[in-house]
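This is data14.pdb (PDB, C-alpha atoms).
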```pdb
MODEL        1
ATOM      1  CA  MET A 556     180.422  75.049 139.024
ATOM      2  CA  PRO A 557     180.991  73.036 142.200
ATOM      3  CA  TYR A 558     180.657  69.257 142.273
ATOM      4  CA  LEU A 559     177.459  69.420 144.367
ATOM      5  CA  GLU A 560     175.171  72.330 145.093
ATOM      6  CA  ILE A 561     172.402  72.604 147.662
ATOM      7  CA  ASP A 562     169.820  72.330 144.888
ATOM      8  CA  ASP A 563     171.266  68.930 143.858
ATOM      9  CA  LEU A 564     170.184  67.426 147.179
ATOM     10  CA  LYS A 565     166.487  67.524 146.174
ATOM     11  CA  THR A 566     166.751  63.920 145.019
ATOM     12  CA  HIS A 567     167.739  62.763 148.500
ATOM     13  CA  ILE A 568     166.089  65.141 150.957
ATOM     14  CA  TYR A 569     163.151  67.488 150.610
ATOM     15  CA  PRO A 570     164.239  71.146 150.624
ATOM     16  CA  GLU A 571     161.833  71.977 153.458
ATOM     17  CA  ASN A 572     163.396  69.225 155.591
ATOM     18  CA  ALA A 573     166.914  70.452 154.800
ATOM     19  CA  ASP A 574     165.837  73.997 155.667
ATOM     20  CA  GLU A 575     164.287  72.827 158.930
ATOM     21  CA  ILE A 576     167.388  70.877 159.931
ATOM     22  CA  SER A 577     169.738  73.723 159.056
ATOM     23  CA  ARG A 578     167.321  76.368 160.317
ATOM     24  CA  GLU A 579     167.554  77.907 156.842
ATOM     25  CA  ASP A 580     171.292  78.429 157.192
ATOM     26  CA  ASP A 581     172.827  77.447 153.842
ATOM     27  CA  GLU A 582     176.307  77.499 155.364
ATOM     28  CA  ILE A 583     175.464  74.379 157.401
ATOM     29  CA  ILE A 584     174.407  72.524 154.250
ATOM     30  CA  GLU A 585     177.458  73.742 152.331
ATOM     31  CA  LYS A 586     179.729  72.468 155.118
ATOM     32  CA  ALA A 587     177.937  69.103 155.052
ATOM     33  CA  ILE A 588     178.509  68.948 151.288
ATOM     34  CA  ALA A 589     182.202  69.810 151.713
ATOM     35  CA  ALA A 590     182.600  67.165 154.437
ATOM     36  CA  ALA A 591     180.916  64.507 152.285
ATOM     37  CA  ILE A 592     183.113  65.334 149.294
ATOM     38  CA  ASP A 593     186.223  65.162 151.476
ATOM     39  CA  GLU A 594     185.134  61.783 152.853
ATOM     40  CA  ALA A 595     184.531  60.426 149.365
ATOM     41  CA  LYS A 596     187.900  61.753 148.192
ATOM     42  CA  GLY A 597     189.564  59.754 150.951
ATOM     43  CA  TYR A 598     188.226  56.574 149.411
ATOM     44  CA  MET A 599     188.771  57.686 145.815
ATOM     45  CA  SER A 600     192.406  58.774 146.179
ATOM     46  CA  ARG A 601     193.682  56.460 143.452
ATOM     47  CA  TYR A 602     191.616  58.325 140.856
ATOM     48  CA  ASP A 603     192.146  61.749 139.324
ATOM     49  CA  LEU A 604     190.280  63.762 141.960
ATOM     50  CA  LEU A 605     190.615  67.052 140.112
ATOM     51  CA  LYS A 606     188.828  65.641 137.043
ATOM     52  CA  ILE A 607     186.160  63.974 139.186
ATOM     53  CA  PHE A 608     185.410  66.595 141.852
ATOM     54  CA  GLY A 609     187.066  69.750 140.504
ATOM     55  CA  ASP A 610     188.084  72.527 142.877
ATOM     56  CA  ASP A 611     187.530  76.261 143.337
ATOM     57  CA  ASN A 612     189.266  77.037 140.046
ATOM     58  CA  THR A 613     188.534  73.918 138.004
ATOM     59  CA  GLU A 614     185.257  72.422 136.844
ATOM     60  CA  PRO A 615     184.767  68.643 137.179
ATOM     61  CA  VAL A 616     185.416  67.011 133.814
ATOM     62  CA  VAL A 617     183.772  63.641 134.483
ATOM     63  CA  THR A 618     180.205  63.113 135.648
ATOM     64  CA  ASN A 619     179.419  59.848 137.384
ATOM     65  CA  GLU A 620     175.853  59.911 138.701
ATOM     66  CA  ASN A 621     176.378  56.816 140.852
ATOM     67  CA  LEU A 622     179.257  58.479 142.699
ATOM     68  CA  LYS A 623     177.236  61.683 142.983
ATOM     69  CA  ASN A 624     174.362  59.748 144.584
ATOM     70  CA  LYS A 625     176.746  58.192 147.102
ATOM     71  CA  VAL A 626     178.119  61.622 148.027
ATOM     72  CA  LYS A 627     174.535  62.891 148.417
ATOM     73  CA  ASP A 628     173.871  59.995 150.815
ATOM     74  CA  LEU A 629     176.873  61.118 152.848
ATOM     75  CA  VAL A 630     175.544  64.700 152.902
ATOM     76  CA  VAL A 631     172.081  63.593 153.985
ATOM     77  CA  TRP A 632     173.519  61.488 156.796
ATOM     78  CA  THR A 633     175.501  64.491 158.014
ATOM     79  CA  LEU A 634     172.309  66.566 158.022
ATOM     80  CA  VAL A 635     170.198  63.844 159.614
ATOM     81  CA  LYS A 636     172.622  63.644 162.505
ATOM     82  CA  LEU A 637     171.518  67.154 163.417
ATOM     83  CA  GLY A 638     168.160  65.609 164.255
ATOM     84  CA  ASN A 639     164.794  65.936 162.616
ATOM     85  CA  PRO A 640     161.730  63.856 163.506
ATOM     86  CA  ASN A 641     160.409  63.960 159.909
ATOM     87  CA  ILE A 642     163.250  61.856 158.501
ATOM     88  CA  LYS A 643     163.600  58.095 158.842
ATOM     89  CA  ILE A 644     167.007  57.875 160.471
ATOM     90  CA  ASP A 645     167.285  54.110 159.982
ATOM     91  CA  MET A 646     166.854  54.472 156.225
ATOM     92  CA  ALA A 647     169.347  57.351 156.053
ATOM     93  CA  ARG A 648     171.846  55.321 158.101
ATOM     94  CA  THR A 649     171.443  52.344 155.769
ATOM     95  CA  CYS A 650     172.053  54.582 152.740
ATOM     96  CA  TYR A 651     175.130  56.033 154.454
ATOM     97  CA  GLU A 652     176.492  52.553 155.210
ATOM     98  CA  ASP A 653     175.798  51.457 151.621
ATOM     99  CA  ALA A 654     177.679  54.488 150.315
ATOM    100  CA  ILE A 655     180.668  53.685 152.541
ATOM    101  CA  LYS A 656     180.664  50.023 151.415
ATOM    102  CA  TRP A 657     180.594  51.129 147.775
ATOM    103  CA  LEU A 658     183.461  53.568 148.329
ATOM    104  CA  GLU A 659     185.455  50.821 150.084
ATOM    105  CA  LYS A 660     184.951  48.539 147.075
ATOM    106  CA  VAL A 661     186.183  51.308 144.793
ATOM    107  CA  ALA A 662     189.168  51.974 147.061
ATOM    108  CA  THR A 663     190.218  48.310 147.057
ATOM    109  CA  GLY A 664     189.656  47.887 143.321
ATOM    110  CA  LYS A 665     186.743  45.448 143.686
ATOM    111  CA  PHE A 666     184.473  47.864 141.817
ATOM    112  CA  ASN A 667     185.480  49.973 138.836
ATOM    113  CA  PRO A 668     183.330  53.103 138.553
ATOM    114  CA  GLY A 669     184.852  53.961 135.174
ATOM    115  CA  LEU A 670     186.549  57.121 136.391
ATOM    116  CA  PRO A 671     189.844  58.488 135.035
ATOM    117  CA  MET A 672     193.120  57.611 136.687
ATOM    118  CA  PRO A 673     195.720  60.361 137.110
ATOM    119  CA  VAL A 674     198.574  60.399 134.638
ATOM    120  CA  ASP A 675     202.103  59.699 135.837
ATOM    121  CA  ASP A 676     203.520  63.034 136.866
ATOM    122  CA  GLU A 677     207.095  63.603 137.966
ATOM    123  CA  ASP A 678     206.021  66.656 139.978
ATOM    124  CA  THR A 679     203.709  64.617 142.199
ATOM    125  CA  ASP A 680     204.163  61.494 144.274
ATOM    126  CA  TYR A 681     201.596  59.558 142.225
ATOM    127  CA  ASN A 682     202.846  56.523 140.360
ATOM    128  CA  GLU A 683     200.345  54.508 138.348
ATOM    129  CA  ASN A 684     202.205  51.299 139.206
ATOM    130  CA  ASP A 685     201.310  51.806 142.876
ATOM    131  CA  SER A 686     197.651  51.086 142.115
ATOM    132  CA  ILE A 687     198.292  47.688 140.529
ATOM    133  CA  GLN A 688     197.154  44.849 142.723
ATOM    134  CA  TRP A 689     198.521  41.323 142.588
ATOM    135  CA  ASN A 690     196.854  38.210 143.873
ATOM    136  CA  SER A 691     196.667  34.507 143.205
ATOM    137  CA  GLU A 692     194.397  31.598 143.811
ATOM    138  CA  LYS A 693     194.299  29.979 147.211
ATOM    139  CA  LYS A 694     197.048  27.424 147.726
ATOM    140  CA  ARG A 695     195.946  23.856 147.210
ATOM    141  CA  ASN A 696     197.037  21.072 149.500
ATOM    142  CA  ASN A 697     196.661  17.730 147.803
ATOM    143  CA  HIS A 698     196.586  14.724 150.085
ATOM    144  CA  PHE A 699     196.883  11.145 148.811
TER     145      PHE A 699
ENDMDL
END
```
As structure tokens, what does this structure read like?
Amino acid sequence: MPYLEIDDLKTHIYPENADEISREDDEIIEKAIAAAIDEAKGYMSRYDLLKIFGDDNTEPVVTNENLKNKVKDLVVWTLVKLGNPNIKIDMARTCYEDAIKWLEKVATGKFNPGLPMPVDDEDTDYNENDSIQWNSEKKRNNHF
């Protein structure tokens, strides 16, 4: 089962609007879904993408509805760009921007979505230590 199917988009766009935008061509919607998943993966690269999104041969192991909603927002924005007067473009754009901001927070470690991290694997380039972030408090300058 793929990460997102056309039927899953009902929560974000009415099927009749999606059909009108795509002119009832499911391939357009499937490409929008694939593009949105690829965009989200770019931000989520520090996590175990195979467990989260799956692939053609592997089912996703983890379900995170918040992430799924953000990916749906990305799909809807891709469809809205095709142009349809029945959709509020400003609202769709705001949802798209919110999804990108959330993904940026996840990418920088400011938000933890509770998703699995990949295990250290000698066969891949991933090293868990690469995702550790160090910081400190701002330097104080005391003046007397």
(message) Which residues are close to Met599 of chain A, i.e. within 12 Å by all atoms listed in the file, leaving aside same-chain residues fewer than 2 positions away? Reply as number ranges by chain.
(response) A: 592-597, 601-608, 622, 626, 655, 657-664, 666-673, 686
(message) Ranking A:Glu620, A:Val674, A:Lys586, A:Tyr598 by minimum distance to Leu634 of chain A and counting all atoms listed in the file, which one comes first?
(response)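 Nearest to Leu634 of chain A: A:Lys586.
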(request) One decimal, Å: what's the distance from atom CA of Asn697 of chain A over to atom CA of Lys665 of chain A, could you say? (result)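 Straight-line distance from atom CA of Asn697 of chain A to atom CA of Lys665 of chain A works out to 29.7 Å.
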(request) Go through A:Ala647, A:Lys694, A:Pro557, A:Ala590 one by one, measure the shortest atom-to-atom distance of each to Gly609 of chain A using all atoms listed in the file, and give the residue with the smallest value. (result) A:Pro557
(message) If I take atom CA of Glu560 of chain A and atom CA of Lys636 of chain A, how far is one from the other in Å, to one decimal?
(response)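 If I compute the distance from atom CA of Glu560 of chain A to atom CA of Lys636 of chain A, I get 19.6 Å.
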(message) I need the residue nearest Tyr558 of chain A from this list: A:Asp610, A:Asp628, A:Glu692, A:Glu652. Use all atoms listed in the file for the distance.
(response)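 Of the candidates, the smallest distance to Tyr558 of chain A is held by A:Asp610.
Taking atom CA of Glu614 of chain A and atom CA of Asn572 of chain A as the two end points, the separation is 29.0 Å.
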(request) Tell me, as number ranges by chain, which residues lie within 12 Å of Val630 of chain A, counting only C-alpha atoms; anything in the same chain fewer than 6 positions away does not count. (result) A: 559-561, 563-568, 573, 583-595, 623-624, 636-637, 647-648, 650-651, 654
Step by step, gather every atom of segment 565-581 of chain A that the file lists, find the box along x, y and z that holds them, add 3 Å on each side, and finally give centre and edge lengths in Å to one decimal, as lines of an AutoDock Vina configuration file.
```
center_x = 167.3
center_y = 70.6
center_z = 152.7
size_x = 17.0
size_y = 21.7
size_z = 21.3
```
